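Enquirer: PDB, C-alpha atoms and all ligand atoms, file final27.pdb:
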```
ATOM      1  CA  MET U  15     -50.990  24.726 -32.034  1.00  0.00           C
ATOM      2  CA  SER U  16     -52.214  25.840 -28.659  1.00  0.00           C
ATOM      3  CA  LYS U  17     -50.305  28.265 -26.548  1.00  0.00           C
ATOM      4  CA  GLN U  18     -50.628  27.633 -22.839  1.00  0.00           C
ATOM      5  CA  ARG U  19     -49.985  30.488 -20.564  1.00  0.00           C
ATOM      6  CA  VAL U  20     -47.970  29.875 -17.410  1.00  0.00           C
ATOM      7  CA  SER U  21     -49.425  31.669 -14.484  1.00  0.00           C
ATOM      8  CA  ARG U  22     -47.269  33.633 -12.088  1.00  0.00           C
ATOM      9  CA  ARG U  23     -48.021  31.026  -9.389  1.00  0.00           C
ATOM     10  CA  GLN U  24     -46.924  28.125 -11.645  1.00  0.00           C
ATOM     11  CA  PHE U  25     -43.789  29.973 -12.660  1.00  0.00           C
ATOM     12  CA  LEU U  26     -42.837  30.515  -9.006  1.00  0.00           C
ATOM     13  CA  ASN U  27     -43.580  26.870  -8.202  1.00  0.00           C
ATOM     14  CA  TYR U  28     -41.330  25.598 -10.999  1.00  0.00           C
ATOM     15  CA  THR U  29     -38.530  27.985 -10.134  1.00  0.00           C
ATOM     16  CA  LEU U  30     -38.571  27.271  -6.397  1.00  0.00           C
ATOM     17  CA  THR U  31     -38.745  23.500  -6.968  1.00  0.00           C
ATOM     18  CA  GLY U  32     -35.736  23.693  -9.306  1.00  0.00           C
ATOM     19  CA  VAL U  33     -33.656  25.873  -6.991  1.00  0.00           C
ATOM     20  CA  GLY U  34     -34.667  23.810  -3.926  1.00  0.00           C
ATOM     21  CA  GLY U  35     -33.719  20.559  -5.646  1.00  0.00           C
ATOM     22  CA  PHE U  36     -30.368  21.984  -6.684  1.00  0.00           C
ATOM     23  CA  MET U  37     -29.630  23.123  -3.116  1.00  0.00           C
ATOM     24  CA  ALA U  38     -30.740  19.767  -1.627  1.00  0.00           C
ATOM     25  CA  ALA U  39     -28.413  17.896  -4.024  1.00  0.00           C
ATOM     26  CA  GLY U  40     -25.559  20.202  -2.996  1.00  0.00           C
ATOM     27  CA  MET U  41     -26.139  19.358   0.676  1.00  0.00           C
ATOM     28  CA  LEU U  42     -26.672  15.611   0.163  1.00  0.00           C
ATOM     29  CA  MET U  43     -23.617  14.942  -2.044  1.00  0.00           C
ATOM     30  CA  PRO U  44     -20.991  15.422   0.730  1.00  0.00           C
ATOM     31  CA  MET U  45     -23.063  13.179   3.051  1.00  0.00           C
ATOM     32  CA  VAL U  46     -23.273  10.395   0.453  1.00  0.00           C
ATOM     33  CA  ARG U  47     -19.566  10.744  -0.271  1.00  0.00           C
ATOM     34  CA  PHE U  48     -18.756  10.560   3.456  1.00  0.00           C
ATOM     35  CA  ALA U  49     -20.823   7.365   3.794  1.00  0.00           C
ATOM     36  CA  VAL U  50     -19.283   5.674   0.738  1.00  0.00           C
ATOM     37  CA  ASP U  51     -15.678   6.792   1.368  1.00  0.00           C
ATOM     38  CA  PRO U  52     -14.676   3.853   3.657  1.00  0.00           C
ATOM     39  CA  VAL U  53     -15.772   1.429   0.935  1.00  0.00           C
ATOM     40  CA  LEU U  54     -13.660   3.236  -1.652  1.00  0.00           C
ATOM     41  CA  LYS U  55     -10.688   3.362   0.735  1.00  0.00           C
ATOM     42  CA  ALA U  56     -10.934  -0.380   1.457  1.00  0.00           C
ATOM     43  CA  GLU U  57     -10.766  -1.094  -2.260  1.00  0.00           C
ATOM     44  CA  ALA U  58      -7.758   1.167  -2.690  1.00  0.00           C
ATOM     45  CA  SER U  59      -5.884  -0.528   0.168  1.00  0.00           C
ATOM     46  CA  GLY U  60      -5.981  -3.781  -1.754  1.00  0.00           C
ATOM     47  CA  ASP U  61      -4.139  -2.096  -4.617  1.00  0.00           C
ATOM     48  CA  PHE U  62      -0.866  -3.447  -5.898  1.00  0.00           C
ATOM     49  CA  LYS U  63       1.813  -1.002  -7.008  1.00  0.00           C
ATOM     50  CA  ALA U  64       4.043  -1.628 -10.002  1.00  0.00           C
ATOM     51  CA  THR U  65       7.795  -1.856  -9.462  1.00  0.00           C
ATOM     52  CA  LYS U  66      10.451  -1.776 -12.182  1.00  0.00           C
ATOM     53  CA  GLN U  67      11.661  -5.254 -11.205  1.00  0.00           C
ATOM     54  CA  LYS U  68      11.361  -8.007 -13.820  1.00  0.00           C
ATOM     55  CA  VAL U  69      10.270 -11.248 -12.170  1.00  0.00           C
ATOM     56  CA  SER U  70      12.492 -13.276 -14.526  1.00  0.00           C
ATOM     57  CA  GLU U  71      15.563 -11.495 -13.117  1.00  0.00           C
ATOM     58  CA  LEU U  72      14.873 -12.515  -9.522  1.00  0.00           C
ATOM     59  CA  SER U  73      17.093 -15.212  -8.018  1.00  0.00           C
ATOM     60  CA  ASN U  74      17.504 -16.692  -4.556  1.00  0.00           C
ATOM     61  CA  GLU U  75      19.719 -13.722  -3.618  1.00  0.00           C
ATOM     62  CA  PRO U  76      17.656 -10.855  -2.097  1.00  0.00           C
ATOM     63  CA  VAL U  77      17.757  -7.625  -4.120  1.00  0.00           C
ATOM     64  CA  ARG U  78      16.627  -4.200  -3.025  1.00  0.00           C
ATOM     65  CA  VAL U  79      13.582  -2.973  -4.960  1.00  0.00           C
ATOM     66  CA  ASP U  80      12.568   0.680  -4.615  1.00  0.00           C
ATOM     67  CA  PHE U  81       9.207   1.717  -6.022  1.00  0.00           C
ATOM     68  CA  SER U  82       7.245   4.975  -6.070  1.00  0.00           C
ATOM     69  CA  TYR U  83       3.637   5.911  -6.623  1.00  0.00           C
ATOM     70  CA  GLU U  84       1.235   8.797  -6.199  1.00  0.00           C
ATOM     71  CA  GLN U  85      -0.985   8.632  -3.118  1.00  0.00           C
ATOM     72  CA  LYS U  86      -4.228  10.584  -2.829  1.00  0.00           C
ATOM     73  CA  ASP U  87      -5.483  11.354   0.659  1.00  0.00           C
ATOM     74  CA  ALA U  88      -8.756  13.280   0.341  1.00  0.00           C
ATOM     75  CA  TRP U  89      -7.674  16.271  -1.768  1.00  0.00           C
ATOM     76  CA  TYR U  90      -3.952  16.008  -0.882  1.00  0.00           C
ATOM     77  CA  THR U  91      -1.671  14.172  -3.326  1.00  0.00           C
ATOM     78  CA  SER U  92       1.853  13.076  -2.419  1.00  0.00           C
ATOM     79  CA  ASP U  93       4.604  10.907  -3.898  1.00  0.00           C
ATOM     80  CA  VAL U  94       5.421   7.842  -1.809  1.00  0.00           C
ATOM     81  CA  THR U  95       8.568   5.718  -2.138  1.00  0.00           C
ATOM     82  CA  GLN U  96       8.789   2.267  -0.578  1.00  0.00           C
ATOM     83  CA  THR U  97      11.473  -0.410  -0.493  1.00  0.00           C
ATOM     84  CA  ALA U  98      11.386  -4.197  -0.405  1.00  0.00           C
ATOM     85  CA  TRP U  99      14.005  -6.950  -0.256  1.00  0.00           C
ATOM     86  CA  VAL U 100      12.905  -9.485  -2.842  1.00  0.00           C
ATOM     87  CA  TYR U 101      14.046 -13.000  -3.817  1.00  0.00           C
ATOM     88  CA  LYS U 102      12.708 -16.394  -4.895  1.00  0.00           C
ATOM     89  CA  ASN U 103      12.719 -19.189  -2.334  1.00  0.00           C
ATOM     90  CA  LYS U 104      13.594 -22.856  -3.065  1.00  0.00           C
ATOM     91  CA  GLU U 105      10.076 -23.498  -4.373  1.00  0.00           C
ATOM     92  CA  GLY U 106      10.364 -20.519  -6.738  1.00  0.00           C
ATOM     93  CA  LYS U 107       7.901 -18.435  -4.724  1.00  0.00           C
ATOM     94  CA  ILE U 108       8.567 -14.706  -4.610  1.00  0.00           C
ATOM     95  CA  ILE U 109       9.344 -13.408  -1.113  1.00  0.00           C
ATOM     96  CA  ALA U 110       9.235  -9.638  -0.602  1.00  0.00           C
ATOM     97  CA  LEU U 111      10.201  -8.301   2.826  1.00  0.00           C
ATOM     98  CA  SER U 112       9.876  -4.860   4.348  1.00  0.00           C
ATOM     99  CA  PRO U 113      13.263  -3.355   5.275  1.00  0.00           C
ATOM    100  CA  ILE U 114      11.837  -1.651   8.373  1.00  0.00           C
ATOM    101  CA  CYS U 115      13.368  -3.095  11.538  1.00  0.00           C
ATOM    102  CA  LYS U 116      10.804  -4.239  14.099  1.00  0.00           C
ATOM    103  CA  HIS U 117      12.870  -2.838  16.964  1.00  0.00           C
ATOM    104  CA  LEU U 118      12.846   0.932  16.401  1.00  0.00           C
ATOM    105  CA  GLY U 119      12.283   1.259  12.680  1.00  0.00           C
ATOM    106  CA  CYS U 120      15.788   1.551  11.195  1.00  0.00           C
ATOM    107  CA  THR U 121      16.443   0.082   7.734  1.00  0.00           C
ATOM    108  CA  VAL U 122      17.846  -3.429   7.519  1.00  0.00           C
ATOM    109  CA  ASN U 123      20.221  -4.587   4.780  1.00  0.00           C
ATOM    110  CA  TRP U 124      21.002  -7.985   3.337  1.00  0.00           C
ATOM    111  CA  ASN U 125      24.490  -9.413   3.957  1.00  0.00           C
ATOM    112  CA  ALA U 126      25.642  -6.137   5.485  1.00  0.00           C
ATOM    113  CA  SER U 127      27.565  -7.573   8.443  1.00  0.00           C
ATOM    114  CA  GLU U 128      30.878  -9.397   8.061  1.00  0.00           C
ATOM    115  CA  ASP U 129      30.074 -11.410  11.171  1.00  0.00           C
ATOM    116  CA  HIS U 130      26.590 -12.456  10.080  1.00  0.00           C
ATOM    117  CA  LYS U 131      26.606 -13.569   6.456  1.00  0.00           C
ATOM    118  CA  GLU U 132      23.385 -14.418   4.604  1.00  0.00           C
ATOM    119  CA  MET U 133      21.233 -12.492   7.066  1.00  0.00           C
ATOM    120  CA  PHE U 134      19.372  -9.209   7.264  1.00  0.00           C
ATOM    121  CA  TYR U 135      21.291  -6.877   9.572  1.00  0.00           C
ATOM    122  CA  CYS U 136      20.107  -3.702  11.280  1.00  0.00           C
ATOM    123  CA  PRO U 137      23.038  -1.324  11.898  1.00  0.00           C
ATOM    124  CA  CYS U 138      21.296   0.692  14.624  1.00  0.00           C
ATOM    125  CA  HIS U 139      21.433  -1.842  17.459  1.00  0.00           C
ATOM    126  CA  GLY U 140      22.692  -5.004  15.786  1.00  0.00           C
ATOM    127  CA  GLY U 141      19.296  -6.542  15.008  1.00  0.00           C
ATOM    128  CA  LEU U 142      19.436  -9.766  12.990  1.00  0.00           C
ATOM    129  CA  TYR U 143      16.883 -11.585  10.820  1.00  0.00           C
ATOM    130  CA  HIS U 144      17.014 -14.836   8.894  1.00  0.00           C
ATOM    131  CA  LYS U 145      16.439 -14.841   5.123  1.00  0.00           C
ATOM    132  CA  ASN U 146      12.666 -15.369   5.524  1.00  0.00           C
ATOM    133  CA  GLY U 147      12.511 -12.349   7.827  1.00  0.00           C
ATOM    134  CA  GLU U 148      12.417 -14.256  11.115  1.00  0.00           C
ATOM    135  CA  ASN U 149      14.023 -12.266  13.934  1.00  0.00           C
ATOM    136  CA  VAL U 150      16.987 -13.900  15.670  1.00  0.00           C
ATOM    137  CA  PRO U 151      16.324 -14.383  19.408  1.00  0.00           C
ATOM    138  CA  GLY U 152      18.764 -12.520  21.629  1.00  0.00           C
ATOM    139  CA  THR U 153      18.922  -9.509  19.281  1.00  0.00           C
ATOM    140  CA  PRO U 154      16.724  -6.414  19.843  1.00  0.00           C
ATOM    141  CA  PRO U 155      13.865  -7.078  17.351  1.00  0.00           C
ATOM    142  CA  THR U 156      11.002  -9.071  18.853  1.00  0.00           C
ATOM    143  CA  ALA U 157       9.040  -9.797  15.658  1.00  0.00           C
ATOM    144  CA  PRO U 158       9.750 -10.884  12.071  1.00  0.00           C
ATOM    145  CA  LEU U 159      10.092  -8.352   9.240  1.00  0.00           C
ATOM    146  CA  ASP U 160       6.748  -7.636   7.569  1.00  0.00           C
ATOM    147  CA  SER U 161       6.176  -9.110   4.113  1.00  0.00           C
ATOM    148  CA  TYR U 162       4.538  -7.668   1.009  1.00  0.00           C
ATOM    149  CA  PRO U 163       1.810  -9.480  -0.926  1.00  0.00           C
ATOM    150  CA  THR U 164       3.221 -10.028  -4.436  1.00  0.00           C
ATOM    151  CA  LYS U 165       1.720 -10.288  -7.906  1.00  0.00           C
ATOM    152  CA  GLU U 166       3.168 -10.674 -11.393  1.00  0.00           C
ATOM    153  CA  LYS U 167       1.705  -8.841 -14.375  1.00  0.00           C
ATOM    154  CA  ASP U 168       3.321  -8.727 -17.816  1.00  0.00           C
ATOM    155  CA  GLY U 169       6.544 -10.046 -16.293  1.00  0.00           C
ATOM    156  CA  ILE U 170       6.754  -7.166 -13.811  1.00  0.00           C
ATOM    157  CA  LEU U 171       6.628  -7.465 -10.020  1.00  0.00           C
ATOM    158  CA  TYR U 172       3.720  -5.738  -8.261  1.00  0.00           C
ATOM    159  CA  LEU U 173       3.650  -5.261  -4.484  1.00  0.00           C
ATOM    160  CA  GLY U 174       0.772  -4.650  -2.070  1.00  0.00           C
ATOM    161  CA  GLN U 175       1.019  -3.077   1.378  1.00  0.00           C
ATOM    162  CA  PRO U 176       3.247  -4.685   4.059  1.00  0.00           C
ATOM    163  CA  GLU U 177       1.514  -7.118   6.398  1.00  0.00           C
ATOM    164  CA  PRO U 178       2.616  -9.489   9.200  1.00  0.00           C
ATOM    165  CA  ASN U 179       5.154 -11.985   7.817  1.00  0.00           C
ATOM    166  CA  LYS U 180       3.471 -15.113   6.394  1.00  0.00           C
ATOM    167  CA  PHE U 181       6.690 -17.036   5.758  1.00  0.00           C
ATOM    168  CA  VAL U 182       7.768 -17.475   9.366  1.00  0.00           C
ATOM    169  CA  LYS U 183       6.304 -20.558  11.011  1.00  0.00           C
ATOM    170  CA  LYS U 184       5.433 -20.129  14.659  1.00  0.00           C
TER
HETATM  171  S1  LIG U 201      16.228  -0.364  15.215  1.00  0.00           S
HETATM  172 FE1  LIG U 201      16.957  -2.210  14.384  1.00  0.00          FE
HETATM  173  S2  LIG U 201      17.942  -3.134  16.059  1.00  0.00           S
HETATM  174 FE2  LIG U 201      17.191  -1.308  16.882  1.00  0.00          FE
END
```
Translate the structure described by the file into structure tokens.

Expert:
Amino acid sequence: MSKQRVSRRQFLNYTLTGVGGFMAAGMLMPMVRFAVDPVLKAEASGDFKATKQKVSELSNEPVRVDFSYEQKDAWYTSDVTQTAWVYKNKEGKIIALSPICKHLGCTVNWNASEDHKEMFYCPCHGGLYHKNGENVPGTPPTAPLDSYPTKEKDGILYLGQPEPNKFVKK
């Protein structure tokens, strides 16, 4: 067995290379993370969140579905609660509408006005929407209620993020 001696010069070379590499990795990691972050965010935005609503219990009468989840924004984590009005249309398709009024952002309710049955009603300024979320002309809102993408998994309703209403024909 031969014993090789490491010269002082070699020892310094190895040590400096190791320390330099470690420091370079420490500087490069945040840059790589910064570059890749938008890709990761885009994937997360397509996420569906689980509700507690069983799909089999949905009927053609809109029900209010509240759902909560944990949201991570960089290193800050918060609990988010969202609401949807959900029902099945004549074809059995699940319709999930955002309750946020398109006038000034109040919360709309189903069948909440004696004078306007079977409609979504906004109590703030009398905004009205049809069952599919279409705004009634002549009332303050100028756009339909947003809709949620929906998904069923193990009999449970999952909802994505609200988007422009796809059920209102223009
Ligand atoms: S906020 Fe809904 S009608 Fe004004």

Enquirer: For ligand LIG 201 (chain U), collect every residue having any atom at a distance of at most 12 Å from a ligand atom (counting only C-alpha atoms and all ligand atoms); output as a PDB file with C-alpha atoms, in the coordinates of the input.

Expert:
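Result written to out_18.pdb:
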```
ATOM      1  CA  PRO U 113      13.263  -3.355   5.275  1.00  0.00           C
ATOM      2  CA  ILE U 114      11.837  -1.651   8.373  1.00  0.00           C
ATOM      3  CA  CYS U 115      13.368  -3.095  11.538  1.00  0.00           C
ATOM      4  CA  LYS U 116      10.804  -4.239  14.099  1.00  0.00           C
ATOM      5  CA  HIS U 117      12.870  -2.838  16.964  1.00  0.00           C
ATOM      6  CA  LEU U 118      12.846   0.932  16.401  1.00  0.00           C
ATOM      7  CA  GLY U 119      12.283   1.259  12.680  1.00  0.00           C
ATOM      8  CA  CYS U 120      15.788   1.551  11.195  1.00  0.00           C
ATOM      9  CA  THR U 121      16.443   0.082   7.734  1.00  0.00           C
ATOM     10  CA  VAL U 122      17.846  -3.429   7.519  1.00  0.00           C
ATOM     11  CA  ASN U 123      20.221  -4.587   4.780  1.00  0.00           C
ATOM     12  CA  PHE U 134      19.372  -9.209   7.264  1.00  0.00           C
ATOM     13  CA  TYR U 135      21.291  -6.877   9.572  1.00  0.00           C
ATOM     14  CA  CYS U 136      20.107  -3.702  11.280  1.00  0.00           C
ATOM     15  CA  PRO U 137      23.038  -1.324  11.898  1.00  0.00           C
ATOM     16  CA  CYS U 138      21.296   0.692  14.624  1.00  0.00           C
ATOM     17  CA  HIS U 139      21.433  -1.842  17.459  1.00  0.00           C
ATOM     18  CA  GLY U 140      22.692  -5.004  15.786  1.00  0.00           C
ATOM     19  CA  GLY U 141      19.296  -6.542  15.008  1.00  0.00           C
ATOM     20  CA  LEU U 142      19.436  -9.766  12.990  1.00  0.00           C
ATOM     21  CA  TYR U 143      16.883 -11.585  10.820  1.00  0.00           C
ATOM     22  CA  ASN U 149      14.023 -12.266  13.934  1.00  0.00           C
ATOM     23  CA  VAL U 150      16.987 -13.900  15.670  1.00  0.00           C
ATOM     24  CA  PRO U 151      16.324 -14.383  19.408  1.00  0.00           C
ATOM     25  CA  GLY U 152      18.764 -12.520  21.629  1.00  0.00           C
ATOM     26  CA  THR U 153      18.922  -9.509  19.281  1.00  0.00           C
ATOM     27  CA  PRO U 154      16.724  -6.414  19.843  1.00  0.00           C
ATOM     28  CA  PRO U 155      13.865  -7.078  17.351  1.00  0.00           C
ATOM     29  CA  THR U 156      11.002  -9.071  18.853  1.00  0.00           C
ATOM     30  CA  ALA U 157       9.040  -9.797  15.658  1.00  0.00           C
ATOM     31  CA  PRO U 158       9.750 -10.884  12.071  1.00  0.00           C
ATOM     32  CA  LEU U 159      10.092  -8.352   9.240  1.00  0.00           C
TER      33      LEU U 159
END
```

Enquirer: Compare U:Leu111, U:Val79, U:Val182, U:Val69 by their minimum atom-to-atom distance to U:Thr97, counting all atoms listed in the file, and give me the closest one.

Expert: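 When distances to U:Thr97 are compared using all atoms listed in the file, the smallest one comes from U:Val79.
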
Enquirer: Starting from the PyMOL selection byres (((chain U and resi 169) around 10) and not hetatm), expand the selection into actual residues of this file and give them as a PyMOL selection string.

Expert: chain U and resi 67-71+165-168+170-172

Enquirer: Just to confirm, what's the straight-line distance from atom CA of U:Phe62 to atom CA of U:Lys183 in Å (one decimal)?

Expert: 25.1 Å

Enquirer: Determine the residue set returned by the PyMOL selection byres (((chain U and resi 80-90) around 10) and not hetatm) for the present structure, and present it as an mmCIF file with C-alpha atoms, keeping the file's coordinate frame.

Expert:
```cif
data_model
loop_
_atom_site.group_PDB
_atom_site.id
_atom_site.type_symbol
_atom_site.label_atom_id
_atom_site.label_comp_id
_atom_site.auth_asym_id
_atom_site.auth_seq_id
_atom_site.Cartn_x
_atom_site.Cartn_y
_atom_site.Cartn_z
ATOM 1 C CA ASP U 51 -15.678 6.792 1.368
ATOM 2 C CA LYS U 55 -10.688 3.362 0.735
ATOM 3 C CA LYS U 63 1.813 -1.002 -7.008
ATOM 4 C CA ALA U 64 4.043 -1.628 -10.002
ATOM 5 C CA THR U 65 7.795 -1.856 -9.462
ATOM 6 C CA LYS U 66 10.451 -1.776 -12.182
ATOM 7 C CA GLN U 67 11.661 -5.254 -11.205
ATOM 8 C CA VAL U 77 17.757 -7.625 -4.120
ATOM 9 C CA ARG U 78 16.627 -4.200 -3.025
ATOM 10 C CA VAL U 79 13.582 -2.973 -4.960
ATOM 11 C CA THR U 91 -1.671 14.172 -3.326
ATOM 12 C CA SER U 92 1.853 13.076 -2.419
ATOM 13 C CA ASP U 93 4.604 10.907 -3.898
ATOM 14 C CA VAL U 94 5.421 7.842 -1.809
ATOM 15 C CA THR U 95 8.568 5.718 -2.138
ATOM 16 C CA GLN U 96 8.789 2.267 -0.578
ATOM 17 C CA THR U 97 11.473 -0.410 -0.493
ATOM 18 C CA ALA U 98 11.386 -4.197 -0.405
ATOM 19 C CA TRP U 99 14.005 -6.950 -0.256
ATOM 20 C CA TYR U 172 3.720 -5.738 -8.261
ATOM 21 C CA LEU U 173 3.650 -5.261 -4.484
#
```

Enquirer: With the PyMOL selection byres (((chain U and resi 101-110) around 6) and not hetatm) as the selection, what would be picked from this file? Answer as a ChimeraX atom specification, please.

Expert: /U:72-76,98-100,111,161-162

Enquirer: For atom CA of U:Glu177 and atom CA of U:Pro163, determine how far apart the two atoms are, in Å to one decimal place.

Expert: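 So the answer is 7.7 Å.
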
Enquirer: Pick the closest to U:Glu148 from U:Lys184, U:Asp61, U:Ala38, U:Asn125: which is it, counting all atoms listed in the file?

Expert: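 Looking at the shortest contact to U:Glu148, the residue is U:Lys184.
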
Enquirer: To one decimal place, how far is atom CA of U:Met41 from atom CA of U:Arg22 in Å?

Expert: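 Between atom CA of U:Met41 and atom CA of U:Arg22 the gap works out to 28.5 Å.
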